[in-house]
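Coordinates as given in run.cif (mmCIF, C-alpha atoms):
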```cif
data_data
#
loop_
_atom_site.label_atom_id
_atom_site.label_comp_id
_atom_site.auth_asym_id
_atom_site.auth_seq_id
_atom_site.Cartn_x
_atom_site.Cartn_y
_atom_site.Cartn_z
CA MET A 1449 178.20 156.22 174.91
CA SER A 1450 179.02 153.90 177.76
CA ALA A 1451 180.61 150.55 177.08
CA THR A 1452 179.28 147.40 178.60
CA THR A 1453 181.53 145.13 180.57
CA SER A 1454 180.52 141.54 180.88
CA PRO A 1455 177.65 141.97 183.32
CA ALA A 1456 177.09 138.64 184.91
CA ASN A 1457 179.41 135.96 183.68
CA ILE A 1458 181.06 134.00 186.41
CA ILE A 1459 180.43 135.33 189.88
CA LEU A 1460 183.31 134.36 192.09
CA SER A 1461 182.65 134.64 195.76
CA LYS A 1462 184.05 133.66 199.10
CA PRO A 1463 182.84 130.32 200.36
CA THR A 1464 180.44 130.90 203.20
CA LYS A 1465 179.07 128.74 205.96
CA ASN A 1466 176.40 126.24 204.95
CA GLU A 1467 176.32 127.46 201.37
CA ARG A 1468 177.19 125.32 198.42
CA ILE A 1469 179.99 126.74 196.28
CA PRO A 1470 178.80 127.30 192.70
CA PRO A 1471 180.40 124.64 190.48
CA SER A 1472 181.70 127.36 188.15
CA ASN A 1473 183.80 128.73 191.02
CA LEU A 1474 185.44 125.37 191.54
CA GLY A 1475 186.04 125.06 187.81
CA TYR A 1476 187.56 128.52 187.62
CA PHE A 1477 190.11 127.79 190.32
CA ARG A 1478 190.96 124.37 188.88
CA ALA A 1479 191.79 125.95 185.55
CA ARG A 1480 193.68 128.80 187.18
CA ASN A 1481 195.71 126.36 189.25
CA LYS A 1482 196.68 124.30 186.21
CA ASN A 1483 197.58 127.32 184.15
CA ARG A 1484 199.77 128.74 186.89
CA VAL A 1485 201.72 125.55 187.37
CA TYR A 1486 201.96 125.17 183.59
CA GLU A 1487 203.66 128.54 183.36
CA ILE A 1488 206.16 127.53 186.03
CA VAL A 1489 207.05 124.28 184.29
CA ILE A 1490 207.33 125.77 180.80
CA THR A 1491 209.41 128.69 182.04
CA GLU A 1492 211.73 126.25 183.78
CA PHE A 1493 211.94 124.15 180.62
CA GLU A 1494 212.74 127.13 178.41
CA ASN A 1495 215.35 128.40 180.86
CA SER A 1496 216.98 124.99 181.00
CA GLY A 1497 217.97 124.97 177.34
CA LEU A 1498 216.88 121.34 177.09
CA THR A 1499 215.27 120.04 173.93
CA GLN A 1500 212.06 118.05 174.01
CA ALA A 1501 214.02 115.04 172.79
CA GLU A 1502 216.47 115.32 175.69
CA LEU A 1503 213.64 115.69 178.17
CA ALA A 1504 211.93 112.65 176.66
CA ILE A 1505 215.10 110.59 177.20
CA ARG A 1506 215.35 111.74 180.82
CA LEU A 1507 211.71 110.79 181.44
CA GLY A 1508 211.89 107.54 179.53
CA LYS A 1509 208.93 108.60 177.39
CA GLY A 1510 208.40 109.09 173.68
CA ARG A 1511 209.04 112.52 172.24
CA ASP A 1512 205.41 112.79 171.07
CA ARG A 1513 204.21 112.19 174.60
CA VAL A 1514 206.53 114.86 176.01
CA CYS A 1515 205.49 117.27 173.27
CA ARG A 1516 201.84 116.78 174.26
CA LEU A 1517 202.65 117.20 177.94
CA LEU A 1518 204.38 120.51 177.30
CA GLY A 1519 201.56 121.74 175.07
CA ALA A 1520 198.97 122.12 177.82
CA PRO A 1521 198.40 121.16 181.45
CA GLY A 1522 194.99 119.62 180.74
CA ASN A 1523 195.56 116.15 182.16
CA TRP A 1524 198.50 116.88 184.42
CA THR A 1525 198.51 115.40 187.89
CA LEU A 1526 200.74 116.34 190.81
CA ASP A 1527 202.93 113.42 189.78
CA THR A 1528 203.24 114.82 186.26
CA VAL A 1529 204.40 118.17 187.61
CA SER A 1530 206.85 116.52 189.93
CA ASP A 1531 208.28 114.35 187.16
CA LEU A 1532 208.61 117.22 184.71
CA LEU A 1533 210.26 119.66 187.09
CA PHE A 1534 212.69 117.12 188.44
CA ALA A 1535 213.59 115.91 184.97
CA ILE A 1536 214.09 119.42 183.66
CA SER A 1537 216.40 120.77 186.33
CA GLY A 1538 216.25 118.68 189.46
CA ALA A 1539 213.64 121.12 190.73
CA GLU A 1540 210.57 120.73 192.90
CA LEU A 1541 207.57 122.85 193.80
CA ASP A 1542 207.42 124.92 196.92
CA TYR A 1543 203.91 125.53 198.27
CA SER A 1544 202.27 128.40 200.05
CA ILE A 1545 198.75 129.79 200.34
CA SER A 1546 197.44 133.06 199.03
CA LYS A 1547 193.94 134.56 199.15
CA PRO A 1548 193.18 136.10 195.78
CA PHE A 1549 189.96 137.79 196.88
CA GLU A 1550 191.90 139.73 199.47
CA THR A 1551 194.34 141.06 196.90
CA ALA A 1552 194.05 144.75 196.13
CA GLN A 1553 191.84 145.56 193.19
CA ARG A 1554 193.79 146.43 190.04
CA ASN A 1555 192.84 149.84 188.73
CA GLN A 1556 192.74 148.84 185.10
CA ARG A 1557 189.96 146.32 184.45
CA THR A 1558 189.36 147.13 180.79
CA PRO A 1559 191.50 148.69 178.05
CA GLU A 1560 192.10 152.37 178.66
CA TRP A 1561 190.60 153.19 175.28
CA LEU A 1562 187.25 151.64 176.23
CA THR A 1563 184.89 154.32 177.44
CA GLU A 1564 182.85 154.25 180.67
CA HIS A 1565 182.35 150.90 182.29
CA GLN A 1566 179.68 149.35 184.39
CA PRO A 1567 180.76 147.68 187.62
CA ASP A 1568 181.71 144.05 187.25
CA VAL A 1569 179.80 141.70 189.52
CA ALA A 1570 182.84 139.46 189.64
CA GLU A 1571 184.60 142.09 191.71
CA SER A 1572 182.63 141.20 194.84
CA PRO A 1573 185.03 140.39 197.65
CA GLY A 1574 185.56 136.95 199.07
CA THR A 1575 188.26 135.02 200.81
CA SER A 1576 188.73 131.81 198.88
CA GLY A 1577 192.30 130.74 199.24
CA GLY A 1578 194.56 130.26 196.26
CA LEU A 1579 197.79 128.36 196.05
CA ARG A 1580 200.96 130.24 195.28
CA VAL A 1581 203.62 127.94 193.94
CA ASN A 1582 207.29 128.72 193.72
CA VAL A 1583 209.87 126.54 192.11
CA TYR A 1584 213.28 125.79 193.53
CA SER A 1585 216.05 124.09 191.69
CA SER A 1586 218.37 121.70 193.44
CA GLU A 1587 221.11 122.99 191.14
CA ALA A 1588 220.90 126.34 192.87
CA ALA A 1589 220.80 124.86 196.35
CA MET B 1321 198.14 162.94 173.59
CA LEU B 1322 199.79 159.82 174.91
CA LEU B 1323 197.38 157.67 172.93
CA THR B 1324 198.16 159.65 169.79
CA LEU B 1325 201.87 159.12 170.31
CA GLU B 1326 201.28 155.41 170.83
CA LEU B 1327 199.28 155.28 167.62
CA ILE B 1328 202.02 157.02 165.70
CA CYS B 1329 204.59 154.60 167.08
CA LEU B 1330 202.42 151.62 166.21
CA ALA B 1331 201.65 152.92 162.75
CA SER B 1332 205.33 153.60 162.19
CA SER B 1333 206.21 150.07 163.20
CA LYS B 1334 203.61 148.77 160.76
CA LEU B 1335 205.07 151.00 158.08
CA SER B 1336 208.45 149.41 158.49
CA GLN B 1337 206.88 146.13 157.41
CA ILE B 1338 205.60 147.60 154.15
CA LYS B 1339 207.81 147.05 151.15
CA THR B 1340 208.08 150.13 148.98
CA PRO B 1341 208.66 149.50 145.25
CA THR B 1342 212.24 150.34 144.43
CA HIS B 1343 211.39 152.51 141.44
CA PHE B 1344 209.93 155.24 143.68
CA ASN B 1345 212.23 158.17 144.33
CA SER B 1346 212.69 159.36 147.87
CA ARG B 1347 210.02 162.11 147.69
CA GLU B 1348 207.45 159.69 146.31
CA ARG B 1349 208.33 157.24 149.04
CA TYR B 1350 207.93 159.96 151.65
CA ASN B 1351 204.51 161.01 150.33
CA ARG B 1352 203.30 157.46 150.04
CA SER B 1353 204.51 156.72 153.57
CA ASN B 1354 202.61 159.69 154.92
CA GLN B 1355 199.44 158.59 153.17
CA THR B 1356 199.86 155.07 154.47
CA LEU B 1357 200.56 156.40 157.94
CA THR B 1358 197.31 158.38 157.86
CA VAL B 1359 195.33 155.39 156.64
CA LEU B 1360 196.87 153.11 159.23
CA MET B 1361 196.16 155.57 162.03
CA LEU B 1362 192.55 156.02 160.96
CA THR B 1363 192.07 152.28 160.61
CA TYR B 1364 193.63 151.62 163.98
CA MET B 1365 191.51 154.22 165.70
CA SER B 1366 188.37 153.10 163.94
CA ILE B 1367 188.31 149.49 165.05
CA ARG B 1368 188.57 150.71 168.63
CA ASP B 1369 185.73 153.12 167.98
CA GLU B 1370 183.68 150.30 166.51
CA ILE B 1371 184.33 148.09 169.53
CA ASN B 1372 183.33 150.94 171.80
CA HIS B 1373 180.09 151.39 169.90
CA ARG B 1374 179.25 147.69 169.86
CA CYS B 1375 179.88 147.52 173.62
CA GLY B 1376 177.69 150.56 174.12
CA GLU B 1377 174.94 148.87 172.15
CA GLY B 1378 175.18 145.76 174.32
CA ARG B 1379 176.19 143.59 171.38
CA LEU B 1380 179.69 143.02 172.70
CA TYR B 1381 181.06 142.73 176.21
CA SER B 1382 184.47 143.42 177.64
CA LEU B 1383 185.54 140.42 179.67
CA GLU B 1384 187.01 141.73 182.88
CA PRO B 1385 189.34 139.59 185.00
CA ALA B 1386 187.24 137.61 187.45
CA LEU B 1387 189.70 138.15 190.30
CA PRO B 1388 190.70 141.56 191.65
CA GLY B 1389 194.45 141.01 191.49
CA ILE B 1390 194.71 139.95 187.86
CA ARG B 1391 196.67 142.45 185.80
CA LEU B 1392 195.06 143.34 182.50
CA ALA B 1393 197.68 142.37 179.94
CA ARG B 1394 195.48 141.29 177.05
CA THR B 1395 191.82 141.84 176.25
CA ILE B 1396 188.93 139.60 175.29
CA PHE B 1397 185.61 140.90 174.05
CA VAL B 1398 182.76 138.41 173.90
CA SER B 1399 179.55 138.22 171.93
CA GLU B 1400 176.24 137.73 173.71
CA ASP B 1401 176.38 134.06 172.75
CA VAL B 1402 179.74 133.52 174.43
CA ASN B 1403 178.81 135.71 177.37
CA ASN B 1404 175.69 133.67 178.03
CA ALA B 1405 177.75 130.48 178.06
CA LEU B 1406 180.13 131.98 180.60
CA ARG B 1407 177.20 132.81 182.87
CA ARG B 1408 176.47 129.17 183.57
CA ASN B 1409 177.38 129.27 187.22
CA ASP B 1410 175.97 125.80 187.79
CA ASP B 1411 178.35 124.25 185.26
CA ILE B 1412 181.89 123.50 186.38
CA ARG B 1413 183.02 123.15 182.76
CA PHE B 1414 182.25 126.76 181.93
CA GLY B 1415 183.92 127.90 185.13
CA MET B 1416 187.05 126.19 183.84
CA LEU B 1417 186.67 127.88 180.48
CA ARG B 1418 186.39 131.24 182.24
CA GLY B 1419 189.56 130.48 184.19
CA GLN B 1420 191.34 129.66 180.95
CA LEU B 1421 190.19 132.90 179.37
CA ASP B 1422 191.54 134.79 182.38
CA THR B 1423 194.94 133.25 181.68
CA PHE B 1424 194.88 135.04 178.33
CA ILE B 1425 193.63 138.28 179.87
CA GLY B 1426 196.15 138.22 182.69
CA GLY B 1427 199.07 137.75 180.32
CA GLY B 1428 199.70 134.18 181.46
CA LEU B 1429 201.76 131.80 179.37
CA ILE B 1430 199.73 130.22 176.59
CA SER B 1431 200.64 127.71 173.91
CA VAL B 1432 200.07 128.91 170.36
CA ALA B 1433 199.75 126.96 167.10
CA GLU B 1434 200.18 128.91 163.88
CA ALA B 1435 199.57 126.06 161.44
CA PRO B 1436 195.90 125.01 161.33
CA TYR B 1437 196.53 121.30 160.83
CA ASP B 1438 200.18 120.70 161.67
CA LYS B 1439 199.77 121.57 165.34
CA ASP B 1440 200.01 119.99 168.71
CA LYS B 1441 196.63 118.79 169.91
CA THR B 1442 197.09 120.55 173.21
CA ALA B 1443 197.55 124.12 171.95
CA TYR B 1444 195.68 126.78 173.91
CA ILE B 1445 195.01 128.90 170.84
CA ALA B 1446 195.30 127.96 167.18
CA ARG B 1447 194.78 129.57 163.82
CA LEU B 1448 192.06 128.09 161.63
CA ASP B 1449 192.08 127.08 158.00
CA PRO B 1450 192.17 128.99 155.69
CA ILE B 1451 194.77 131.31 157.20
CA SER B 1452 193.51 134.17 155.02
CA ASP B 1453 190.28 134.23 157.06
CA GLU B 1454 192.26 135.22 160.15
CA ALA B 1455 189.95 133.13 162.32
CA TRP B 1456 191.32 131.63 165.55
CA GLN B 1457 190.04 129.18 168.12
CA ILE B 1458 190.69 129.11 171.85
CA ARG B 1459 190.85 125.43 172.71
CA SER B 1460 189.55 124.33 176.07
CA ILE B 1461 190.50 120.71 175.73
CA ASP B 1462 190.23 119.28 179.20
CA PRO B 1463 188.14 117.89 180.77
CA LYS B 1464 185.57 116.45 178.40
CA PRO B 1465 183.44 117.80 176.87
CA ALA B 1466 186.06 119.92 175.14
CA ILE B 1467 185.00 123.40 174.08
CA ARG B 1468 186.14 125.60 171.22
CA VAL B 1469 185.74 129.38 171.25
CA PHE B 1470 185.97 131.03 167.84
CA GLY B 1471 186.91 134.59 167.04
CA HIS B 1472 189.22 137.09 165.41
CA PHE B 1473 191.91 139.44 166.64
CA ALA B 1474 190.96 143.10 166.38
CA GLU B 1475 194.53 144.11 167.07
CA THR B 1476 197.52 142.68 168.90
CA ASN B 1477 196.37 141.25 172.25
CA VAL B 1478 192.71 142.05 171.58
CA PHE B 1479 190.66 138.95 170.82
CA VAL B 1480 186.98 139.12 169.93
CA ALA B 1481 185.30 135.82 170.86
CA LEU B 1482 182.19 135.43 168.73
CA THR B 1483 180.97 131.83 168.86
CA TRP B 1484 181.56 128.62 170.77
CA ARG B 1485 180.86 124.93 170.26
CA TYR B 1486 181.48 121.65 172.00
CA ARG B 1487 184.28 119.92 170.11
CA LYS B 1488 182.19 116.79 169.63
CA GLU B 1489 179.71 118.81 167.55
CA LEU B 1490 182.38 119.78 165.03
CA GLY B 1491 183.35 116.47 163.46
CA GLY B 1492 186.78 115.80 161.98
CA PRO B 1493 189.27 118.35 160.66
CA GLY B 1494 187.97 120.10 157.55
CA SER B 1495 184.41 118.85 158.12
CA LYS B 1496 181.31 120.75 157.03
CA GLU B 1497 180.62 121.55 160.69
CA TRP B 1498 184.03 123.20 161.08
CA LYS B 1499 183.55 125.22 157.92
CA ASP B 1500 180.05 126.25 158.99
CA GLU B 1501 181.35 127.42 162.34
CA ILE B 1502 184.18 129.41 160.79
CA ASN B 1503 181.72 130.96 158.35
CA LEU B 1504 179.40 131.84 161.24
CA CYS B 1505 182.30 133.46 163.05
CA LYS B 1506 183.20 135.49 159.97
CA ALA B 1507 179.58 136.50 159.48
CA LYS B 1508 179.33 137.69 163.07
CA TRP B 1509 182.49 139.75 162.62
CA ARG B 1510 181.07 141.34 159.47
CA ASN B 1511 177.79 141.99 161.23
CA LEU B 1512 179.59 143.80 164.03
CA PHE B 1513 182.46 145.53 162.27
CA HIS B 1514 181.86 145.81 158.53
CA PRO B 1515 183.85 147.07 156.61
CA TYR B 1516 186.75 146.47 159.00
CA LYS B 1517 188.72 143.28 158.52
CA PRO B 1518 190.16 141.17 161.30
CA HIS B 1519 193.71 141.97 162.37
CA ARG B 1520 196.35 140.41 160.13
CA GLY B 1521 199.92 139.69 161.15
CA ASN B 1522 203.09 138.11 159.87
CA ASP B 1523 203.89 135.98 162.88
CA VAL B 1524 202.57 135.12 166.31
CA SER B 1525 204.06 138.21 167.95
CA ASP B 1526 201.80 140.33 165.74
CA TYR B 1527 198.81 138.73 167.46
CA ILE B 1528 199.98 137.99 170.97
CA SER B 1529 202.69 139.64 173.01
CA GLY B 1530 204.17 138.59 176.30
CA LYS B 1531 204.47 134.98 177.31
CA TYR B 1532 203.62 132.33 174.76
CA TYR B 1533 204.96 128.95 173.79
CA LEU B 1534 204.86 127.82 170.17
CA VAL B 1535 203.58 124.30 169.64
#
```
Please express what this file holds, its structure, as structure tokens.
Amino acid sequence: MSATTSPANIILSKPTKNERIPPSNLGYFRARNKNRVYEIVITEFENSGLTQAELAIRLGKGRDRVCRLLGAPGNWTLDTVSDLLFAISGAELDYSISKPFETAQRNQRTPEWLTEHQPDVAESPGTSGGLRVNVYSSEAA
Amino acid sequence: MLLTLELICLASSKLSQIKTPTHFNSRERYNRSNQTLTVLMLTYMSIRDEINHRCGEGRLYSLEPALPGIRLARTIFVSEDVNNALRRNDDIRFGMLRGQLDTFIGGGLISVAEAPYDKDKTAYIARLDPISDEAWQIRSIDPKPAIRVFGHFAETNVFVALTWRYRKELGGPGSKEWKDEINLCKAKWRNLFHPYKPHRGNDVSDYISGKYYLV
């Protein structure tokens, strides 16, 4: 019996000339961007050994507010990221561009124990750029 | 062979969590352990078999990473209902939800709330009340309208997403709407996997491995 992979949920594709990008594509990359920067900030926070209370003092905000900020990147702005990273360790973001559609296809797309799979339409190639973000700490500089 | 060895290792690790009554002698303990090991292995293999069958029937879908370079670290299966929502290519909100689900799949860092009510409002995934139901929600909180995806874990790192609702449709904590949605989620699980129960764990690491942040 062949298993069914999700056949037609989000179709990500390379932006092409004179063609409107599907709104879902924009939404996908917005969420991906936030989640990636969230991981950087939280990892930096956990590595710092700071408590939320200490971070709240550094930022001049209430502990509840800092707790909410660290819970999810939902309403983060670039300023929020800048404030958090600098307050945590004197760090800042370093920016570069990557193109996720040009990345090599991973071999494993479903659990190995799932039997035969149908091709996933989301695998179609494209060249939308993605933002790779590194973090540098001024303490290490 | 490799899978069998993995199953034995997993079952053995589960066995270590089982408390054996102290009045058993060592032989009784050994026999009981072997029986439990067999049951655990069969159970573990069976839920995977069931998922395979449901996928084959087109009642469940394996959510593959939407980008080619995403490493498969965790797995989400979706019901037809959830899958249809994720197909809304003209809706930016569901594109964001799909991106958030790929964070789970790709092993990205997620915030986890174990306590249904005493949790941070921004948690990515949270357990629902009552805990004994083993129902969880993936919380797509921003931007409005917020979305909740309901489901159960089939095993560690394998989430089965069965229903979804806009948060505004659910009312306040403990409301009839919440209870109805949790009951619907449970009913869908039973409909797909009876008599198998959702995965049960002692702490977050029994549900999710890799990078997570407790809130």
Can you list, as a PyMOL selection string, the residues that the PyMOL selection byres ((chain B) within 7 of (chain A)) selects here? chain B and resi 1372+1375-1376+1378+1381-1392+1403+1406-1407+1409-1416+1418-1420+1423+1429+1431+1440+1442-1444+1461-1462+1535
Interatomic distance (Å, one decimal) between atom CA of Ile1502 of chain B and atom CA of Tyr1527 of chain B: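 We find that atom CA of Ile1502 of chain B and atom CA of Tyr1527 of chain B lie 18.6 Å from each other.
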Selection result of the PyMOL selection byres ((chain B and resi 1397) around 7) on this file, as number ranges by chain: B: 1380-1383, 1395-1396, 1398-1399, 1479-1481
Ref. answer, residues at most 6 Å from (187.0, 131.6, 159.4) with all atoms listed in the file, as a short mmCIF file (atom, residue, chain, number, x, y, z; two decimals) with C-alpha atoms, in the frame of the given file:
```cif
data_model
loop_
_atom_site.label_atom_id
_atom_site.label_comp_id
_atom_site.auth_asym_id
_atom_site.auth_seq_id
_atom_site.Cartn_x
_atom_site.Cartn_y
_atom_site.Cartn_z
CA ASP B 1453 190.28 134.23 157.06
CA ALA B 1455 189.95 133.13 162.32
CA ILE B 1502 184.18 129.41 160.79
CA ASN B 1503 181.72 130.96 158.35
CA LYS B 1506 183.20 135.49 159.97
#
```
What is the distance between atom CA of Glu1434 of chain B and atom CA of Arg1485 of chain B, in Å to one decimal? 20.7 Å
